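Novice: Could you have a look at this structure, given as structure tokens, before my questions?
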Amino acid sequence: MAHKQTTTLDDFGAAPAADKRFRFVISREQRATWLPLVALAVLIGYFAFKQHAFVSGLNITVMGAQAGPLLLISLGATFVVLMGSIDLSVAAVATLSAALGAVLLQTFGMSPGLAFVATLVLGAVCGLVNALLSTVLRVPSFIATLASGSVFTGVMLHVLDGSALLVDNDAISEIANGQIIPMIPNVLLLAVLAWGALAVANSHSRFGRYIVAIGGGERVAQLSGIAVTRYKTYAFMLSSVFAAIGGYFLLARLGSATPSLGDGYLLDSIAAIVVGGTSLSGGVGGASRTILGVALITVLSNGLNVCGVSPFTQEIVKGVVIVIAVLTTIDRVSLQQIVK
Amino acid sequence: MSELSVKGLTFAFSSFVALKNVDLSIRSGEIVGIIGENGAGKSTLLNILSGTLHATSGSVTVDGEALAVKNYNEANLKGIWRIFQDPATIPNLRVYENLFLGHESKFLRFGLLNKSAMIQLARKLVADMQLRVDVRDVMHKYDFPTRQALEVGKATLLPSILGLSSGYVLFDEPTTGLTRSEVTLLLSRMRQLKASGAGVAFVSHRLQELFDVCDRIVVLKDGHVVGAGATAEFDEDKLHRMMVGRDVQNLAEVKPRARSDAPPRLVAKDLTIYATAAKDAHIRRAEVDHVSLEIGTGEIVGIGGLLGSGKNHLLRLIAGDMRASGGGVTLDGRPLLGSLKARKDLGIAFVPSDRGREAIVGALSVASNISLASGHSGALGFSNRIGIWRGRHEQAVTKAMIKELAIKASPEQTVGSLSGGNQQKVALAKWIHRDPRVMLIENPTAGVDVGAKVEIYRHLLALAARGTSILYVTDDLPELIRLSDRVLIMRDGGLVANLDNRSHALNEHELVALMIGRSQAQSLH
Amino acid sequence: MSLDKKDFPRRTLLKAAGGGVAAAVATPFLGGPTMADPYKTATFHQLLLLSNEWCTIINDAAHRAADVLGLSYKATTFNLNDSIALTQAQAAAAAGERLFLTNSADGSSLRPISQMLGTVGGYLVNVGSNLPWSSPIEDGPAFTQGFIARENIGFYNSVKCMLNQAVKKFGPNLKILHITAAKGAFVDNLRSNAVHHAVSEFPGAKIVGSLPGNWNAEDGQKATEDLISRYGIPNCIVAQNDGELTGVLAALRGLGIRAGDQVLTCGIDGSTDILRAIKSGKVEATCFQSPAYHGIQATARLFDALNGYKPSAPERFVGFTGVLVTKANVDGVLKRYVDNKNLPFDPKLLSHVISGDKWDPQAPLVPIKYEDYYASAGIAKPAGWQPPAAYAQSIQDGEFDKVTQRYQAAYKLSLEDFDYPGFKG
């Protein structure tokens, strides 16, 4: 029967209901913030107890280096998820960026700085393609970015000719692995700085506020005179630019570009965004939370490895932890809606 | 004589009690009106009666036998039907599929759906409701009033079509989105139901409708029954007092004072838009047909008209949400062109009536909603030139708006958690703080309770007094008469009357006659 | 610089001129320009994965060998998914293609492809994985040859070479980390057994930890980082292939550990990156298993099959041991196999039909005994397993040994003849 299964807000009295709901909403917000932290603390405690090496300085540096690229890739994509779309092309853009960077550095002998700028331009172009498909041609972002990701992968295979390309340059490794602050690899430092900037942009800039509004109600935003298409384009470009930065640092970290470089980063980034507390239906969450999701996923995968859990069991544990994290943190009300 | 009754009914949501010790009965062959402010517990009561909620304590009985239903479908089988306030149709399904959703098993033939039978019965239903609907079209082609009318048709006619008993029919604010003639039709349908022996519960904000059809009236306030008795025992004032627990200002008091004629602010000339549906292309019917109008500075102009008269299209053409096929608009002598955003920047504000979908973002805070249309930089804006948000300014404006419009909420509260009246105030506040030159409003008080209604009228009058011109459409005739300086009536896309409300008092009959045309008016009254 | 770029820079050019080159090359063997081409030709189709260096080199080499032998060439990429390989083979066969080379991911597509080819008269060579305890003979005559690299020997050599160096450097007690591959895969088992075999010969050496690197550099890097976090800096790291070894080196560099000095490493396959790393002293050893040979040898087999050559039972499952590469011979390997524009093997000398008695496998190619090969992966013989009758017969009547001797006798151009300039294709 097509009727409301849920009770409407009117059901619970005007003023007292409002207060009641208000408290409920706050607690949900708090839950989204605190539960990933609690889960993180529990995991860290457990792994530290199981294996002391987990909390060694060396391993903390290692985790930082592993988390950096994932954080970079997830941060930009958070804005796309926040506005109610999804970007499935981030891993492909990251790999393409690494491939381009490797060719520019190795074959054309370009300086690391110039190559970095080139990958930024590449990211912007990829984002523009996604935005064009999604906004002008009105292809749902799920399909648009799935398809564009396939195209970017194909271009990457052409660029690399299917093989790994070694960048024979120790300076490039220093970009990612060097430690301006002791114990903190540069890639993590940069990612955390980017996180700070984007978290502030999310809550304290026109762009961030509009993205949340579009995610909460695109039609409302449109009728409020917000240039929805333009802001969606910005979000897609931001996502791809950060994927490209992430890819460049993956290259710097590994020292070579391989066609499978970005494998796994797509699912990890979406998991990080959602576990952090950004709802896939849009409008709820934010870039500030994504760092928690990234931390959770990195700690989980590193901790299981360091504790010597069988790779088969690891897959099961990862899946279960992600589902639990999402169930306990995300907006239960949006669960009842159809997830796009 | 059978009876659906509740005794000592209490419903609590965690620590909040929505219904407390409610006694109520609906006998077959009578219409019971249920009235109360938004949040008084009316919907919760109907939800319990129709099986979508389960009481915390107390009993629900039919003819003395406990009613044990798990959901609405089971309630249907027990003869309890309901018209939902918000027609919960599935947009991508066809109309006939929506109508018989959940009852497909009645149409099984050799294990397959007998679609032609479904379509045939759906056509009969639509014809009975006097709707112009092709039942094979997908639902989203039809607007809100049509969908609501279909919902009404579904609950009133399905039982007989499907051969189920219709012991009790519960109407939950069914008239909100309906035009006058449709309301009349609906009320007569209720009387028919009553005559056929069904028990009817009727929840409405519109007192006149209750007085028209109800045998008895029950008044709810904060989950308690605060008054019950035969309709004759009540008058408007008494009901108002009981509902809000205080004397409500008489609506008549807010009748606009006469105003001096000001220079025209908004001038529309020959505005026209054609129906765009591909299959209607050969007809080229104008939905808005060469409409010209003028609105003075600080003038309040209301547009009345039946569903399909084109009044909402006209508003959206001026707002920039729709593109005109012909004609033009000027604002203070300059052409008003471009997108909705461009027009907003020139001082146009547009408040749509489909609140949840078009006017407010329920998941966002009051502050975020109020700043939503003003994220730009500049004097009215909430961000500086490089796009940094002016959070303190936003807080200040939000607090000022909350105070000015008496919104019962904190700036950080999510708008989805507010009552209808407060949501509407937020939807208005979003534009009021911009001091727009022209404010376009669809149904300014739809789904708003009596107390908040009067407040909203006062705020709109104050806004107009500051120089904002207001052009609004409404399906509420008393509202049209009490709020407007001038009343325009549209019929079939054309403007048929321009009535000055200041020089002589308009009456409802006159307006209805203009909306539907003379000949039909005779038969209605 | 990746190998294929330097090695085969004119791939596109060759593609364009493919038919013409083939005809021109084939003609001298006919004995005179007026004679009609006596060799049958068909479209040669490769099912491969293009996104890794190993397969890319096989692809290039096979393509150029096909041009030399007058076969037109096509390739589709099956993403290491055998069910996709089957679909692609069916589509290609329907389009009239008859010669198939695949690098099967797990062997599961081999039987259906062979049977399908049996009905249309086509031929298959596999240079990838086989189902444990399976045989090309069982899958029908269309399955001309299963070709393997004898990794159990090659990898053993590589690990042992590194351990010898390590003992000299660190003494007999060695702490080893092992980056394995996709756990449970046949080749992973095979290589792990080779590692364990080699380590068992050094009483003080111990593998303290292992994690899968899934054949690729990124996972290899993460696994190395996590293992070092857990177990500290080891003496040696064994990577299950050179792709992972690239990740191992990146991890060491990131952690500021000097490869080749604080930690010794080894791998297998002979990827370009790792060959250069051996040259610069960062890696001790790898086993170069020439992907080009995989491609050229297979092309010659398909050409022979098309032209009526009927391989005997032992000839249908063969393999060779690669070259152990250390700093001592890496320059030669790079010279002949990487920095060389010519094909590193002569495709015509690899064809029985064209070369007859002059046939030279150009690598220590030998027939493989199923029992030895599959057992070396540690996979128990299924109960009641019987070798194919023709194979059992060949062992019984000495045919197997005869073929082995014939192959050994025919092997003239050594894999380690680094002065061979290559075949101009």
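The way I read the labels, and the way they are meant: chains A, B, ... in the order of the structure tokens, residue 1 as the first residue of every chain, and ligand 1 as the first ligand shown, with later ones counted on from there.
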Taking a cut-off of 7 Å and counting only C-alpha atoms, can you build a table that, for each residue of chain B near chain A, reports the nearest atom pair and how far apart they are in Å (one decimal), sorted by chain then residue number, as CSV?
Specialist:
residue,atom,partner,partner_atom,distance
B:Ala18,CA,A:Phe12,CA,5.1
B:Asn38,CA,A:Asp10,CA,6.1
B:Gly39,CA,A:Gly13,CA,3.3
B:Ala40,CA,A:Gly13,CA,5.3
B:Gly41,CA,A:Asp11,CA,5.5
B:Ser43,CA,A:Asp11,CA,5.5
B:Thr44,CA,A:Asp11,CA,5.0
B:Thr52,CA,A:Gln5,CA,6.3
B:Asn73,CA,A:Met1,CA,6.5
B:Ala88,CA,A:His3,CA,5.0
B:Thr89,CA,A:Ala2,CA,5.9
B:Leu101,CA,A:Met1,CA,5.6
B:Gly102,CA,A:Met1,CA,4.6
B:Asp222,CA,A:Gly13,CA,6.2
B:Leu340,CA,A:Gly225,CA,5.8
B:Lys341,CA,A:Gly225,CA,4.0
B:Lys344,CA,A:Gly225,CA,6.4
B:Arg357,CA,A:Val220,CA,6.5
B:Glu358,CA,A:Val220,CA,4.4
B:Ala359,CA,A:Val220,CA,5.4
B:Ile360,CA,A:Val220,CA,6.1
B:Val361,CA,A:Gly217,CA,5.6
B:Ala363,CA,A:Gly216,CA,6.2
B:Leu372,CA,A:Ser224,CA,6.5
B:Ala373,CA,A:Ser224,CA,4.5
B:Gly375,CA,A:Arg206,CA,5.9
B:Ser383,CA,A:Arg206,CA,6.2
B:Gly387,CA,A:Arg206,CA,5.2
B:Ile388,CA,A:Ser205,CA,4.3
B:Trp389,CA,A:Ser205,CA,4.5
B:Gln413,CA,A:Phe22,CA,6.1
B:Ser417,CA,A:Ala18,CA,5.6
B:Leu418,CA,A:Ala18,CA,5.6
B:Ser419,CA,A:Ala14,CA,5.6
Novice: Counting only C-alpha atoms, what is within 12 Å of A:Ala98, bar same-chain residues fewer than 6 positions away, as an MDAnalysis selection string?
Specialist: chainID A and resid 69 91:92 104:106 112 115:116 118:120 122:123 152:153 156:157 159:160 164:167 172 243:262
Novice: Distance limit 9 Å, atoms considered: only C-alpha atoms. Which chain C residues sit that close to chain A? Return them as a ChimeraX atom specification.
Specialist: /C:1-5,49-57,183,209-212,216-218,221-223,225-232,243,246-247,249-251,253-256,272-273
Novice: Name all residues at most 10 Å from B:Gly326 (count only C-alpha atoms; drop same-chain ones fewer than 6 positions away) and give them as an MDAnalysis selection string.
Specialist: chainID B and resid 269:274 288:290
Novice: Tell me, as a PDB file with all heavy atoms, in the first residue's frame, which residues lie within 7 Å of B:Gly296, counting only C-alpha atoms; anything in the same chain fewer than 4 positions away does not count.
Specialist:
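selection34.pdb, written as the output of this step:
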ATOM      1  N   ALA B 262      -0.227  53.526  -5.893  1.00  0.00           N
ATOM      2  CA  ALA B 262       1.205  53.758  -6.073  1.00  0.00           C
ATOM      3  C   ALA B 262       1.551  53.502  -7.530  1.00  0.00           C
ATOM      4  O   ALA B 262       0.781  52.876  -8.249  1.00  0.00           O
ATOM      5  CB  ALA B 262       1.988  52.819  -5.172  1.00  0.00           C
ATOM      6  N   PRO B 263       2.723  53.974  -7.997  1.00  0.00           N
ATOM      7  CA  PRO B 263       3.112  53.688  -9.387  1.00  0.00           C
ATOM      8  C   PRO B 263       3.268  52.183  -9.571  1.00  0.00           C
ATOM      9  O   PRO B 263       3.680  51.492  -8.635  1.00  0.00           O
ATOM     10  CB  PRO B 263       4.451  54.405  -9.546  1.00  0.00           C
ATOM     11  CG  PRO B 263       4.966  54.566  -8.164  1.00  0.00           C
ATOM     12  CD  PRO B 263       3.763  54.728  -7.296  1.00  0.00           C
ATOM     13  N   PRO B 264       2.959  51.664 -10.764  1.00  0.00           N
ATOM     14  CA  PRO B 264       3.044  50.215 -10.954  1.00  0.00           C
ATOM     15  C   PRO B 264       4.498  49.749 -10.808  1.00  0.00           C
ATOM     16  O   PRO B 264       5.417  50.391 -11.307  1.00  0.00           O
ATOM     17  CB  PRO B 264       2.545  50.005 -12.383  1.00  0.00           C
ATOM     18  CG  PRO B 264       2.680  51.317 -13.044  1.00  0.00           C
ATOM     19  CD  PRO B 264       2.528  52.352 -11.978  1.00  0.00           C
ATOM     20  N   ARG B 265       4.658  48.672 -10.064  1.00  0.00           N
ATOM     21  CA  ARG B 265       6.004  48.127  -9.877  1.00  0.00           C
ATOM     22  C   ARG B 265       6.257  47.011 -10.896  1.00  0.00           C
ATOM     23  O   ARG B 265       7.266  46.989 -11.560  1.00  0.00           O
ATOM     24  CB  ARG B 265       6.124  47.582  -8.464  1.00  0.00           C
ATOM     25  CG  ARG B 265       7.335  46.697  -8.293  1.00  0.00           C
ATOM     26  CD  ARG B 265       7.796  46.663  -6.883  1.00  0.00           C
ATOM     27  NE  ARG B 265       8.597  47.833  -6.597  1.00  0.00           N
ATOM     28  CZ  ARG B 265       9.073  48.103  -5.389  1.00  0.00           C
ATOM     29  NH1 ARG B 265       8.782  47.314  -4.372  1.00  0.00           N
ATOM     30  NH2 ARG B 265       9.813  49.152  -5.198  1.00  0.00           N
ATOM     31  N   LEU B 266       5.298  46.102 -10.984  1.00  0.00           N
ATOM     32  CA  LEU B 266       5.463  44.954 -11.891  1.00  0.00           C
ATOM     33  C   LEU B 266       4.386  45.042 -12.963  1.00  0.00           C
ATOM     34  O   LEU B 266       3.208  45.178 -12.638  1.00  0.00           O
ATOM     35  CB  LEU B 266       5.310  43.656 -11.104  1.00  0.00           C
ATOM     36  CG  LEU B 266       5.615  42.368 -11.862  1.00  0.00           C
ATOM     37  CD1 LEU B 266       7.113  42.117 -11.845  1.00  0.00           C
ATOM     38  CD2 LEU B 266       4.896  41.192 -11.232  1.00  0.00           C
ATOM     39  N   SER B 469       5.808  44.496  -3.079  1.00  0.00           N
ATOM     40  CA  SER B 469       4.554  44.121  -3.744  1.00  0.00           C
ATOM     41  C   SER B 469       4.392  42.618  -3.638  1.00  0.00           C
ATOM     42  O   SER B 469       5.356  41.880  -3.839  1.00  0.00           O
ATOM     43  CB  SER B 469       4.603  44.516  -5.216  1.00  0.00           C
ATOM     44  OG  SER B 469       4.910  45.875  -5.330  1.00  0.00           O
TER      45      SER B 469
END
Novice: What's the separation between atom CA of A:Gly76 and atom CA of A:Val117, in Å to one decimal place?
Specialist: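 Rounded to one decimal, the two atoms are 17.1 Å apart.
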Novice: Please compute the atom CA of B:Phe234-atom CA of B:Arg27 distance, one decimal, in Å.
Specialist: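 Going from atom CA of B:Phe234 over to atom CA of B:Arg27 covers 20.1 Å.
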Novice: Of the residues C:Ala285, C:Val238, C:Ala313, C:Val263, which is the one nearest to C:Gly398, using only C-alpha atoms?
Specialist: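 Closest candidate: C:Ala313.
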Novice: Just list the residues in stretch 108-175 of chain C DSSP gives strand (DSSP E or B) on the backbone, as a list of chain:residue names.
Specialist: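 Listing strand (DSSP E or B) positions across stretch 108-175 of chain C yields C:Tyr123, C:Leu124, C:Val125, C:Asn126, C:Phe143, C:Thr144, C:Gln145, C:Gly146, C:Phe147, C:Ile148, C:Ala149, C:Leu174, C:Lys175.
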Novice: Show me, as a VMD selection string, the residues that have an atom within 12 Å of stretch 81-91 of chain C when counting only C-alpha atoms, minus same-chain residues fewer than 2 positions from it.
Specialist: chain C and resid 44 to 49 74 to 79 93 to 117 119 to 120 122 to 124 126 128 to 131
Novice: If DSSP is run on the backbone, what residues of stretch 149-281 of chain A are alpha helix (DSSP H)? A reply as a ChimeraX atom specification would be ideal.
Specialist: /A:149-160,170-177,186-204,206-216,218-223,228-254,265-276
Novice: Residues within 8 Å of B:Asp449, please, as a list in words. Count only C-alpha atoms; anything in the same chain fewer than 4 positions from it doesn't count.
Specialist: Glu37, Asn38, His205, Gly420, Gly421 and Lys453 of chain B
Novice: Can you spit out the residues from that selection as a PDB file, in the first residue's frame, using all heavy atoms?
Specialist:
ATOM      1  N   GLU B  37      -4.979  22.047  16.536  1.00  0.00           N
ATOM      2  CA  GLU B  37      -3.831  22.683  15.891  1.00  0.00           C
ATOM      3  C   GLU B  37      -2.880  21.616  15.376  1.00  0.00           C
ATOM      4  O   GLU B  37      -2.929  20.468  15.816  1.00  0.00           O
ATOM      5  CB  GLU B  37      -3.089  23.567  16.910  1.00  0.00           C
ATOM      6  CG  GLU B  37      -3.734  24.909  17.094  1.00  0.00           C
ATOM      7  CD  GLU B  37      -2.774  25.870  17.779  1.00  0.00           C
ATOM      8  OE1 GLU B  37      -2.320  25.566  18.899  1.00  0.00           O
ATOM      9  OE2 GLU B  37      -2.485  26.916  17.197  1.00  0.00           O
ATOM     10  N   ASN B  38      -1.959  22.037  14.490  1.00  0.00           N
ATOM     11  CA  ASN B  38      -0.927  21.088  14.060  1.00  0.00           C
ATOM     12  C   ASN B  38      -0.200  20.579  15.289  1.00  0.00           C
ATOM     13  O   ASN B  38       0.187  21.354  16.150  1.00  0.00           O
ATOM     14  CB  ASN B  38       0.081  21.771  13.140  1.00  0.00           C
ATOM     15  CG  ASN B  38      -0.427  21.807  11.715  1.00  0.00           C
ATOM     16  OD1 ASN B  38      -1.406  21.120  11.389  1.00  0.00           O
ATOM     17  ND2 ASN B  38       0.210  22.614  10.896  1.00  0.00           N
ATOM     18  N   HIS B 205      -8.693  21.745   8.912  1.00  0.00           N
ATOM     19  CA  HIS B 205      -8.472  23.054   9.538  1.00  0.00           C
ATOM     20  C   HIS B 205      -9.593  24.002   9.192  1.00  0.00           C
ATOM     21  O   HIS B 205      -9.716  25.056   9.781  1.00  0.00           O
ATOM     22  CB  HIS B 205      -7.178  23.677   8.998  1.00  0.00           C
ATOM     23  CG  HIS B 205      -5.953  23.096   9.605  1.00  0.00           C
ATOM     24  ND1 HIS B 205      -5.834  22.908  10.951  1.00  0.00           N
ATOM     25  CD2 HIS B 205      -4.803  22.672   9.049  1.00  0.00           C
ATOM     26  CE1 HIS B 205      -4.650  22.387  11.195  1.00  0.00           C
ATOM     27  NE2 HIS B 205      -4.009  22.218  10.056  1.00  0.00           N
ATOM     28  N   GLY B 420       4.171  22.686  10.589  1.00  0.00           N
ATOM     29  CA  GLY B 420       3.895  23.259   9.272  1.00  0.00           C
ATOM     30  C   GLY B 420       3.946  24.775   9.268  1.00  0.00           C
ATOM     31  O   GLY B 420       4.515  25.392   8.370  1.00  0.00           O
ATOM     32  N   GLY B 421       3.347  25.389  10.291  1.00  0.00           N
ATOM     33  CA  GLY B 421       3.305  26.845  10.350  1.00  0.00           C
ATOM     34  C   GLY B 421       4.693  27.439  10.449  1.00  0.00           C
ATOM     35  O   GLY B 421       5.032  28.407   9.761  1.00  0.00           O
ATOM     36  N   LYS B 453      -1.737  31.052  10.798  1.00  0.00           N
ATOM     37  CA  LYS B 453      -2.293  31.681   9.592  1.00  0.00           C
ATOM     38  C   LYS B 453      -2.404  33.194   9.795  1.00  0.00           C
ATOM     39  O   LYS B 453      -1.943  33.978   8.984  1.00  0.00           O
ATOM     40  CB  LYS B 453      -3.685  31.089   9.356  1.00  0.00           C
ATOM     41  CG  LYS B 453      -4.038  30.867   7.929  1.00  0.00           C
ATOM     42  CD  LYS B 453      -5.386  30.152   7.871  1.00  0.00           C
ATOM     43  CE  LYS B 453      -5.608  29.552   6.516  1.00  0.00           C
ATOM     44  NZ  LYS B 453      -6.795  28.702   6.458  1.00  0.00           N
TER      45      LYS B 453
END
Novice: Find the residue from B:Leu121, B:Ala195, B:Leu67, B:Ile26 that sits nearest to B:Ala55; use only C-alpha atoms when measuring.
Specialist: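 Of the candidates, the smallest distance to B:Ala55 is held by B:Leu67.
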Novice: Which value, in Å to one decimal, gives the distance between atom CA of C:Cys266 and atom CA of C:Ile153?
Specialist: 14.4 Å
Novice: Write out as a compact mmCIF listing (two decimals) with all heavy atoms, in the first residue's frame each polymer residue whose atoms come within 12 Å of B:Ala406, counting only C-alpha atoms; drop sequence neighbours fewer than 4 positions from it.
Specialist:
# COMPACT_ATOMS: atom_id res chain seq x y z
N THR B 398 19.29 35.47 11.17
CA THR B 398 18.38 34.39 11.55
C THR B 398 17.66 34.73 12.84
O THR B 398 16.44 34.58 12.95
CB THR B 398 19.17 33.08 11.73
OG1 THR B 398 19.88 32.80 10.53
CG2 THR B 398 18.23 31.93 12.04
N LYS B 399 18.41 35.22 13.80
CA LYS B 399 17.78 35.56 15.09
C LYS B 399 16.75 36.67 14.91
O LYS B 399 15.66 36.63 15.49
CB LYS B 399 18.85 35.97 16.11
CG LYS B 399 19.51 34.73 16.72
CD LYS B 399 20.55 35.09 17.75
CE LYS B 399 21.20 33.82 18.28
NZ LYS B 399 22.59 34.05 18.65
N ALA B 400 17.11 37.66 14.08
CA ALA B 400 16.17 38.75 13.84
C ALA B 400 14.90 38.22 13.19
O ALA B 400 13.78 38.62 13.56
CB ALA B 400 16.83 39.80 12.95
N MET B 401 15.06 37.32 12.23
CA MET B 401 13.89 36.75 11.53
C MET B 401 13.05 35.91 12.48
O MET B 401 11.81 35.94 12.45
CB MET B 401 14.37 35.89 10.35
CG MET B 401 14.68 36.68 9.11
SD MET B 401 13.20 37.43 8.41
CE MET B 401 13.62 39.14 8.51
N ILE B 402 13.73 35.10 13.32
CA ILE B 402 13.01 34.27 14.28
C ILE B 402 12.17 35.15 15.19
O ILE B 402 11.01 34.86 15.49
CB ILE B 402 14.01 33.41 15.10
CG1 ILE B 402 14.54 32.27 14.22
CG2 ILE B 402 13.35 32.86 16.35
CD1 ILE B 402 15.60 31.42 14.89
N SER B 410 15.12 27.26 17.32
CA SER B 410 16.42 27.87 17.49
C SER B 410 17.10 27.91 16.12
O SER B 410 16.71 27.17 15.22
CB SER B 410 17.27 27.06 18.46
OG SER B 410 17.65 25.86 17.84
N GLY B 421 3.35 25.39 10.29
CA GLY B 421 3.30 26.84 10.35
C GLY B 421 4.69 27.44 10.45
O GLY B 421 5.03 28.41 9.76
N ASN B 422 5.52 26.84 11.30
CA ASN B 422 6.87 27.36 11.47
C ASN B 422 7.72 27.11 10.23
O ASN B 422 8.55 27.93 9.86
CB ASN B 422 7.53 26.74 12.70
CG ASN B 422 7.00 27.37 13.98
OD1 ASN B 422 6.90 28.60 14.07
ND2 ASN B 422 6.61 26.55 14.94
N GLN B 423 7.48 25.98 9.57
CA GLN B 423 8.19 25.72 8.31
C GLN B 423 7.85 26.79 7.29
O GLN B 423 8.71 27.32 6.59
CB GLN B 423 7.82 24.34 7.75
CG GLN B 423 8.40 23.20 8.54
CD GLN B 423 8.12 21.85 7.89
OE1 GLN B 423 7.43 21.77 6.89
NE2 GLN B 423 8.68 20.80 8.47
N GLN B 424 6.56 27.13 7.22
CA GLN B 424 6.14 28.14 6.25
C GLN B 424 6.76 29.50 6.60
O GLN B 424 7.16 30.24 5.71
CB GLN B 424 4.61 28.23 6.24
CG GLN B 424 4.04 29.19 5.20
CD GLN B 424 4.31 28.73 3.77
OE1 GLN B 424 4.74 27.61 3.54
NE2 GLN B 424 4.08 29.61 2.81
N LYS B 425 6.85 29.77 7.90
CA LYS B 425 7.47 31.04 8.30
C LYS B 425 8.93 31.07 7.87
O LYS B 425 9.44 32.11 7.44
CB LYS B 425 7.37 31.22 9.82
CG LYS B 425 5.98 31.61 10.30
CD LYS B 425 6.03 31.81 11.80
CE LYS B 425 4.66 32.02 12.40
NZ LYS B 425 4.75 32.00 13.88
N VAL B 426 9.61 29.92 7.99
CA VAL B 426 11.01 29.87 7.55
C VAL B 426 11.09 30.10 6.04
O VAL B 426 11.93 30.86 5.55
CB VAL B 426 11.67 28.52 7.92
CG1 VAL B 426 13.05 28.40 7.29
CG2 VAL B 426 11.78 28.38 9.44
N ALA B 429 10.68 33.69 5.63
CA ALA B 429 11.79 34.45 6.20
C ALA B 429 12.99 34.45 5.26
O ALA B 429 13.71 35.44 5.16
CB ALA B 429 12.19 33.86 7.55
N GLY B 451 -3.87 29.67 14.13
CA GLY B 451 -3.08 30.67 14.83
C GLY B 451 -1.97 31.21 13.96
O GLY B 451 -1.82 32.43 13.79
N ALA B 452 -1.24 30.29 13.35
CA ALA B 452 -0.09 30.69 12.53
C ALA B 452 -0.56 31.43 11.28
O ALA B 452 0.13 32.32 10.78
CB ALA B 452 0.72 29.47 12.15
N GLU B 455 -0.93 35.03 11.96
CA GLU B 455 0.39 35.64 12.09
C GLU B 455 1.00 35.88 10.72
O GLU B 455 1.56 36.94 10.45
CB GLU B 455 1.32 34.71 12.88
CG GLU B 455 1.09 34.70 14.37
CD GLU B 455 2.09 33.79 15.05
OE1 GLU B 455 3.30 34.04 14.87
OE2 GLU B 455 1.67 32.83 15.70
N ILE B 456 0.89 34.87 9.85
CA ILE B 456 1.48 35.01 8.52
C ILE B 456 0.84 36.17 7.78
O ILE B 456 1.52 36.97 7.14
CB ILE B 456 1.38 33.69 7.75
CG1 ILE B 456 2.38 32.69 8.34
CG2 ILE B 456 1.65 33.88 6.26
CD1 ILE B 456 2.28 31.28 7.79
N ARG B 458 -0.38 38.82 9.04
CA ARG B 458 0.13 40.07 9.59
C ARG B 458 1.53 40.39 9.06
O ARG B 458 1.84 41.52 8.72
CB ARG B 458 0.12 40.03 11.13
CG ARG B 458 -1.04 40.86 11.71
CD ARG B 458 -0.84 41.16 13.18
NE ARG B 458 -1.35 40.05 13.98
CZ ARG B 458 -0.60 39.28 14.74
NH1 ARG B 458 0.70 39.49 14.81
NH2 ARG B 458 -1.15 38.31 15.43
N HIS B 459 2.35 39.35 8.97
CA HIS B 459 3.71 39.58 8.46
C HIS B 459 3.69 40.03 7.02
O HIS B 459 4.46 40.90 6.61
CB HIS B 459 4.56 38.31 8.60
CG HIS B 459 4.74 37.88 10.01
ND1 HIS B 459 5.11 38.76 11.00
CD2 HIS B 459 4.58 36.68 10.61
CE1 HIS B 459 5.18 38.11 12.14
NE2 HIS B 459 4.86 36.85 11.93
